[in-house]
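Encoded as structure tokens, the structure appears first; notes follow it.
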Amino acid sequence: MHEQTLGFAHFISQADGVAHFILAVLLLMSVASWYLIITKAWGYHRLRRASRAFLQRFWEAPDLKAVAADLAQHGVRDPYSHLVLHALQALDQHHNRNGQRLIDAVSADELLTRALRRAIEQDTARLEYGHTVLASVASSAPFVGLFGTVWGIYHALIAIGLSGQGTLDRVAGPVGEALIMTALGLAVAIPAVLAYNAFTRANRMILAELDGFAHDLFAFLSTGSRAEPAAGRGAGRLAVVREARMAAGGA
């Protein structure tokens, strides 16, 4: 009959305020990490689908006016359309310059490079949303559980010392219940670690593809949308776009 009373329910009933607080912290960590895991996984799925659809429409568009109309119709729902929107806004700003502002002295290539860099930095920040929480949970949850284990064993040993009975049947139950805290800490940390690694890899792949698209977009807008020659200056400008992505943490 005594063996049937041992377990997680018995541990909860015998735990003190500190143990209950540790359990609440682990529960909060688990809820936060699983919320991010589910929402970010669904967000990546939607982003991939929207990106493929936009890239197909972009390269099949007859001209930039059609691209602008497509953006107005479908909105900005992925990093590629966001990049194109910034690029078109930069070209429009350059074409509408009046020569009375400092920014009007910047060439079209420099203005376009800045716009692409700014868009990549913003997309990088969006993609990394929640990564700090997942990393914090992955690194701290095992130690929170271990602290709960130590606290539980401490109280179990005190109870055993006061009772004066230190036999195995008296020690195994309380110590085993205290070790539940370690198991809970690992159960919270492992999904966060796996999700963080998976999302980081997905971000690297997305930003690498976005970097290649930024190169193509820059070359296309430099040579296809304006009549003036762009030979000899494209390579230097494209390097700035790559540096922007690396500085934003995507490399």
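By convention in this document, the chains of the structure tokens carry letters A, B, ... by their order, each chain's residues are numbered from 1, and ligands are numbered from 1 in the order they are shown.
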
Can you tell me which residues surround Arg57 (chain A) at a distance of at most 12 Å, considering only C-alpha atoms, apart from same-chain residues fewer than 6 positions away, and format the answer as a PyMOL selection string? chain A and resi 50-51+63-64+66-71+73-74+80-81

May I have the residues within 12 Å of Ala141 (chain A) as a PyMOL selection string, using only C-alpha atoms and disregarding those fewer than 2 positions away in the same chain? chain A and resi 22-30+33+133-139+143-148+181-193

Keeping only N, CA and C atoms, write the selected residues as a compact mmCIF listing (two decimals), in the first residue's frame.
# COMPACT_ATOMS: atom_id res chain seq x y z
N ILE A 22 9.29 26.24 -8.45
CA ILE A 22 10.15 25.69 -9.50
C ILE A 22 9.31 24.99 -10.56
N LEU A 23 8.31 24.25 -10.14
CA LEU A 23 7.42 23.59 -11.10
C LEU A 23 6.68 24.62 -11.95
N ALA A 24 6.26 25.71 -11.33
CA ALA A 24 5.57 26.76 -12.09
C ALA A 24 6.50 27.39 -13.11
N VAL A 25 7.77 27.60 -12.73
CA VAL A 25 8.75 28.17 -13.67
C VAL A 25 8.96 27.22 -14.85
N LEU A 26 9.12 25.93 -14.57
CA LEU A 26 9.29 24.96 -15.66
C LEU A 26 8.06 24.90 -16.55
N LEU A 27 6.90 24.99 -15.95
CA LEU A 27 5.67 25.00 -16.75
C LEU A 27 5.60 26.23 -17.64
N LEU A 28 5.97 27.38 -17.11
CA LEU A 28 5.97 28.62 -17.91
C LEU A 28 6.98 28.52 -19.05
N MET A 29 8.16 27.97 -18.77
CA MET A 29 9.16 27.78 -19.82
C MET A 29 8.64 26.86 -20.91
N SER A 30 7.99 25.78 -20.50
CA SER A 30 7.49 24.82 -21.48
C SER A 30 6.40 25.44 -22.35
N SER A 33 8.06 27.95 -24.81
CA SER A 33 8.83 27.32 -25.88
C SER A 33 7.91 26.61 -26.87
N VAL A 133 14.41 33.45 -26.52
CA VAL A 133 13.62 32.71 -25.53
C VAL A 133 13.93 31.22 -25.61
N LEU A 134 13.98 30.66 -26.83
CA LEU A 134 14.28 29.25 -26.98
C LEU A 134 15.67 28.92 -26.47
N ALA A 135 16.65 29.77 -26.77
CA ALA A 135 18.00 29.52 -26.29
C ALA A 135 18.08 29.61 -24.77
N SER A 136 17.35 30.55 -24.19
CA SER A 136 17.36 30.70 -22.73
C SER A 136 16.72 29.49 -22.06
N VAL A 137 15.60 29.02 -22.61
CA VAL A 137 14.95 27.84 -22.04
C VAL A 137 15.84 26.61 -22.18
N ALA A 138 16.45 26.45 -23.35
CA ALA A 138 17.29 25.28 -23.58
C ALA A 138 18.48 25.23 -22.64
N SER A 139 19.03 26.38 -22.31
CA SER A 139 20.24 26.41 -21.47
C SER A 139 19.94 26.42 -19.98
N PHE A 143 19.10 23.25 -15.39
CA PHE A 143 19.61 23.71 -14.10
C PHE A 143 18.47 24.05 -13.14
N VAL A 144 17.37 24.56 -13.67
CA VAL A 144 16.20 24.80 -12.82
C VAL A 144 15.69 23.48 -12.26
N GLY A 145 15.60 22.45 -13.13
CA GLY A 145 15.18 21.14 -12.66
C GLY A 145 16.16 20.54 -11.68
N LEU A 146 17.46 20.74 -11.92
CA LEU A 146 18.46 20.22 -10.99
C LEU A 146 18.37 20.90 -9.63
N PHE A 147 18.09 22.19 -9.63
CA PHE A 147 17.91 22.88 -8.36
C PHE A 147 16.71 22.30 -7.60
N GLY A 148 15.64 22.00 -8.32
CA GLY A 148 14.50 21.37 -7.67
C GLY A 148 14.83 20.00 -7.12
N MET A 181 12.22 16.23 -10.73
CA MET A 181 12.54 17.60 -11.15
C MET A 181 13.57 17.62 -12.27
N THR A 182 14.58 16.77 -12.16
CA THR A 182 15.60 16.71 -13.22
C THR A 182 14.97 16.26 -14.53
N ALA A 183 14.11 15.24 -14.46
CA ALA A 183 13.44 14.76 -15.67
C ALA A 183 12.57 15.85 -16.29
N LEU A 184 11.88 16.62 -15.46
CA LEU A 184 11.05 17.70 -15.98
C LEU A 184 11.90 18.79 -16.63
N GLY A 185 13.04 19.10 -16.02
CA GLY A 185 13.92 20.09 -16.62
C GLY A 185 14.41 19.66 -17.99
N LEU A 186 14.78 18.38 -18.14
CA LEU A 186 15.22 17.87 -19.44
C LEU A 186 14.07 17.84 -20.44
N ALA A 187 12.88 17.50 -19.96
CA ALA A 187 11.72 17.46 -20.85
C ALA A 187 11.38 18.84 -21.40
N VAL A 188 11.67 19.87 -20.63
CA VAL A 188 11.43 21.24 -21.09
C VAL A 188 12.56 21.69 -22.03
N ALA A 189 13.80 21.31 -21.71
CA ALA A 189 14.96 21.82 -22.44
C ALA A 189 15.14 21.16 -23.80
N ILE A 190 14.91 19.86 -23.91
CA ILE A 190 15.22 19.14 -25.15
C ILE A 190 14.40 19.66 -26.34
N PRO A 191 13.08 19.84 -26.24
CA PRO A 191 12.36 20.40 -27.39
C PRO A 191 12.85 21.80 -27.76
N ALA A 192 13.21 22.60 -26.76
CA ALA A 192 13.70 23.95 -27.06
C ALA A 192 15.03 23.90 -27.81
N VAL A 193 15.91 22.97 -27.42
CA VAL A 193 17.21 22.84 -28.11
C VAL A 193 17.00 22.42 -29.55

Record the distance separating CA of Gly17 (chain A) and CA of Thr149 (chain A), expressed in Å with one decimal. 14.0 Å

Which residue is closest to Pro79 (chain A)? Choose from A:Lys65, A:Arg46, A:Arg114, A:Arg201 and count only C-alpha atoms. A:Arg46

Coordinates-based distance that separates CA of Ala219 (chain A) from CA of Gln56 (chain A) (Å, one decimal):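 If I compute the distance from CA of Gln56 (chain A) to CA of Ala219 (chain A), I get 18.2 Å.
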
Just give me the gap between CA of Ala202 (chain A) and CA of Leu88 (chain A) in Å, one decimal is fine.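 Separating CA of Ala202 (chain A) from CA of Leu88 (chain A) is a distance of 27.2 Å.
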
List as a ChimeraX atom specification the protein and nucleic acid residues near Phe213 (chain A), meaning an atom at most 10 Å away when only C-alpha atoms are counted, but skip any in the same chain fewer than 3 places from it. /A:55,80,83-84,207-210,216-219

In region 41-226 of chain A, DSSP alpha helix (DSSP H) residues written as a ChimeraX atom specification: /A:41-60,64-74,79-95,108-127,131-163,168-178,180-223
